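Below: one structure, written as structure tokens.
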Amino acid sequence: MAAAPKPEYAPGARKVLADEVAKPFLDEIQAATASLEAGQRPKLVGLLANSDPAAAKYAEWTGRTFKRDGLDFEVRQVEGDDLEKALEEANRDSTVHGIMIYYPVFGERPCFNGGSFDDSLRDSVSLCKDVEGLCHFYRRTLYRNQRFVDSEQMRKCVLPCTPLAVVKILEHLGAYDNQHPVGERM
């Protein structure tokens with residue numbers, strides 16, 4: 001059997017592996033968590049309330065990644081009708097530092113307060129525990145290009161992972177310059 005043809009790239013282009021971009025961030029996380037006792041490590045709770053095998057696989061990979069990096073992860077599998085209560089409990093639980101919900105749960109099912117029920121759940125995750133940056137507050141700050149939660153600029157806003165990853169890849173390639181004003185960095 002013949003070998004697969006070598007891909008052709010545009011002049012100056014190269015293949016960028018995710019591991020290459022992620023390495024400095026992983027090293028930083030692993031160094032920070034290595035000195036923490038088991039009870040002091042940040043804990044993420046993933047709420048799984050659907051039967052989507054892709055969501056279950058995503059939760060499994062999240063757990064593996066957290067274990068590798070010295071962080072705590074717990075999947076709480078609940079019925080859809082119990083998800084709102086489970087979210088409220090995780091929001092109040094002082095041992096939980098971050099929350100993510102594996103969507104879709106209800107899809108486009110309308111909600112009594114407008115939008116979909118999934119939208120309502122996204123906006124119900126505590127600002128302090130929203131690791132995905134999907135709650136209304138973080139969506140609004142992203143739209144307004146507000147990068148900090150506080151006026152002292154001590155606490156950064158959480159940005160959704162896909163746009164943040166794009167910026168980190170562009171920085172890694174030297175195509176994005178933080179020294180220029182926002183809007184002129186490429």
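Chain identifiers are assigned as A, B, and so on, following the order in which chains appear in the structure tokens; residues are numbered from 1 within each chain, and ligands are numbered from 1 in order of appearance.
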| Residues of chain A in alpha helix (DSSP H), written as a ChimeraX atom specification | /A:18-34,53-68,83-92,117-124,136-143,161-172
Take the selection from the previous step and output its residues with C-alpha atoms, as a PDB file, in the first residue's frame.
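Listing of out.pdb after writing:
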ATOM      1  CA  ALA A  18      -1.746  21.760  20.050  1.00  0.00           C
ATOM      2  CA  ASP A  19       0.830  20.262  22.443  1.00  0.00           C
ATOM      3  CA  GLU A  20       3.429  22.744  21.223  1.00  0.00           C
ATOM      4  CA  VAL A  21       1.177  25.708  22.045  1.00  0.00           C
ATOM      5  CA  ALA A  22      -0.181  24.252  25.299  1.00  0.00           C
ATOM      6  CA  LYS A  23       3.137  23.164  26.858  1.00  0.00           C
ATOM      7  CA  PRO A  24       4.025  26.398  28.712  1.00  0.00           C
ATOM      8  CA  PHE A  25       0.502  26.619  30.142  1.00  0.00           C
ATOM      9  CA  LEU A  26       0.495  22.965  31.211  1.00  0.00           C
ATOM     10  CA  ASP A  27       3.917  23.378  32.827  1.00  0.00           C
ATOM     11  CA  GLU A  28       2.657  26.404  34.770  1.00  0.00           C
ATOM     12  CA  ILE A  29      -0.477  24.587  35.962  1.00  0.00           C
ATOM     13  CA  GLN A  30       1.415  21.434  36.942  1.00  0.00           C
ATOM     14  CA  ALA A  31       4.057  23.443  38.824  1.00  0.00           C
ATOM     15  CA  ALA A  32       1.385  25.384  40.713  1.00  0.00           C
ATOM     16  CA  THR A  33      -0.595  22.278  41.681  1.00  0.00           C
ATOM     17  CA  ALA A  34       2.430  20.128  42.570  1.00  0.00           C
ATOM     18  CA  PRO A  53     -22.197   9.790  24.303  1.00  0.00           C
ATOM     19  CA  ALA A  54     -20.067  12.701  23.068  1.00  0.00           C
ATOM     20  CA  ALA A  55     -20.816  14.651  26.262  1.00  0.00           C
ATOM     21  CA  ALA A  56     -19.912  11.603  28.373  1.00  0.00           C
ATOM     22  CA  LYS A  57     -16.634  11.224  26.443  1.00  0.00           C
ATOM     23  CA  TYR A  58     -15.889  14.937  26.905  1.00  0.00           C
ATOM     24  CA  ALA A  59     -16.457  14.537  30.664  1.00  0.00           C
ATOM     25  CA  GLU A  60     -14.161  11.488  30.690  1.00  0.00           C
ATOM     26  CA  TRP A  61     -11.377  13.384  28.915  1.00  0.00           C
ATOM     27  CA  THR A  62     -11.828  16.365  31.217  1.00  0.00           C
ATOM     28  CA  GLY A  63     -11.308  14.050  34.187  1.00  0.00           C
ATOM     29  CA  ARG A  64      -8.178  12.500  32.657  1.00  0.00           C
ATOM     30  CA  THR A  65      -6.707  15.930  31.905  1.00  0.00           C
ATOM     31  CA  PHE A  66      -7.432  17.222  35.389  1.00  0.00           C
ATOM     32  CA  LYS A  67      -5.869  14.144  36.996  1.00  0.00           C
ATOM     33  CA  ARG A  68      -2.768  14.498  34.802  1.00  0.00           C
ATOM     34  CA  LEU A  83     -30.006  19.811  36.936  1.00  0.00           C
ATOM     35  CA  GLU A  84     -31.083  23.227  38.178  1.00  0.00           C
ATOM     36  CA  LYS A  85     -31.025  22.015  41.792  1.00  0.00           C
ATOM     37  CA  ALA A  86     -27.607  20.340  41.267  1.00  0.00           C
ATOM     38  CA  LEU A  87     -26.277  23.585  39.787  1.00  0.00           C
ATOM     39  CA  GLU A  88     -27.536  25.596  42.764  1.00  0.00           C
ATOM     40  CA  GLU A  89     -25.867  23.112  45.141  1.00  0.00           C
ATOM     41  CA  ALA A  90     -22.547  23.324  43.253  1.00  0.00           C
ATOM     42  CA  ASN A  91     -22.770  27.145  43.246  1.00  0.00           C
ATOM     43  CA  ARG A  92     -23.131  27.100  47.059  1.00  0.00           C
ATOM     44  CA  PHE A 117     -33.543  26.558  29.079  1.00  0.00           C
ATOM     45  CA  ASP A 118     -29.860  25.836  28.287  1.00  0.00           C
ATOM     46  CA  ASP A 119     -29.308  29.622  28.051  1.00  0.00           C
ATOM     47  CA  SER A 120     -30.932  30.054  31.444  1.00  0.00           C
ATOM     48  CA  LEU A 121     -28.655  27.382  32.939  1.00  0.00           C
ATOM     49  CA  ARG A 122     -25.562  29.060  31.437  1.00  0.00           C
ATOM     50  CA  ASP A 123     -26.564  32.320  33.103  1.00  0.00           C
ATOM     51  CA  SER A 124     -27.179  30.556  36.431  1.00  0.00           C
ATOM     52  CA  HIS A 136     -24.108  36.631  30.862  1.00  0.00           C
ATOM     53  CA  PHE A 137     -21.530  38.669  32.783  1.00  0.00           C
ATOM     54  CA  TYR A 138     -18.549  37.214  30.915  1.00  0.00           C
ATOM     55  CA  ARG A 139     -20.314  37.345  27.541  1.00  0.00           C
ATOM     56  CA  ARG A 140     -21.018  41.034  28.190  1.00  0.00           C
ATOM     57  CA  THR A 141     -17.429  41.773  29.225  1.00  0.00           C
ATOM     58  CA  LEU A 142     -16.129  40.014  26.115  1.00  0.00           C
ATOM     59  CA  TYR A 143     -18.423  42.119  23.928  1.00  0.00           C
ATOM     60  CA  CYS A 161     -11.867  28.753  25.474  1.00  0.00           C
ATOM     61  CA  THR A 162     -12.139  28.749  21.667  1.00  0.00           C
ATOM     62  CA  PRO A 163     -11.468  32.467  21.059  1.00  0.00           C
ATOM     63  CA  LEU A 164      -8.820  32.432  23.785  1.00  0.00           C
ATOM     64  CA  ALA A 165      -7.123  29.431  22.150  1.00  0.00           C
ATOM     65  CA  VAL A 166      -7.069  31.245  18.807  1.00  0.00           C
ATOM     66  CA  VAL A 167      -5.334  34.231  20.432  1.00  0.00           C
ATOM     67  CA  LYS A 168      -2.794  31.945  22.172  1.00  0.00           C
ATOM     68  CA  ILE A 169      -2.003  30.177  18.869  1.00  0.00           C
ATOM     69  CA  LEU A 170      -1.542  33.509  17.102  1.00  0.00           C
ATOM     70  CA  GLU A 171       0.719  34.719  19.929  1.00  0.00           C
ATOM     71  CA  HIS A 172       2.720  31.491  19.712  1.00  0.00           C
TER      72      HIS A 172
END
| task | Can you check which residues of chain A DSSP gives as strand (DSSP E or B) on the backbone and send them as a ChimeraX atom specification? | result | /A:43-48,72-77,98-101,110,116,130,148,156
| field | Å distance separating atom CA of Leu44 of chain A from atom CA of Val158 of chain A, one decimal place | value | 14.7 Å
| Coordinates-based distance that separates atom CA of His97 of chain A from atom CA of Gly70 of chain A (Å, one decimal) | 14.3 Å
| task | Point out the residue among A:Gln40, A:Gln146, A:Ser151, A:Asn50 with the least atom-to-atom distance to Tyr103 of chain A, counting only C-alpha atoms. | result | A:Asn50
| task | For atom CA of Gln77 of chain A and atom CA of Cys157 of chain A, determine how far apart the two atoms are, in Å to one decimal place. | result | 28.2 Å
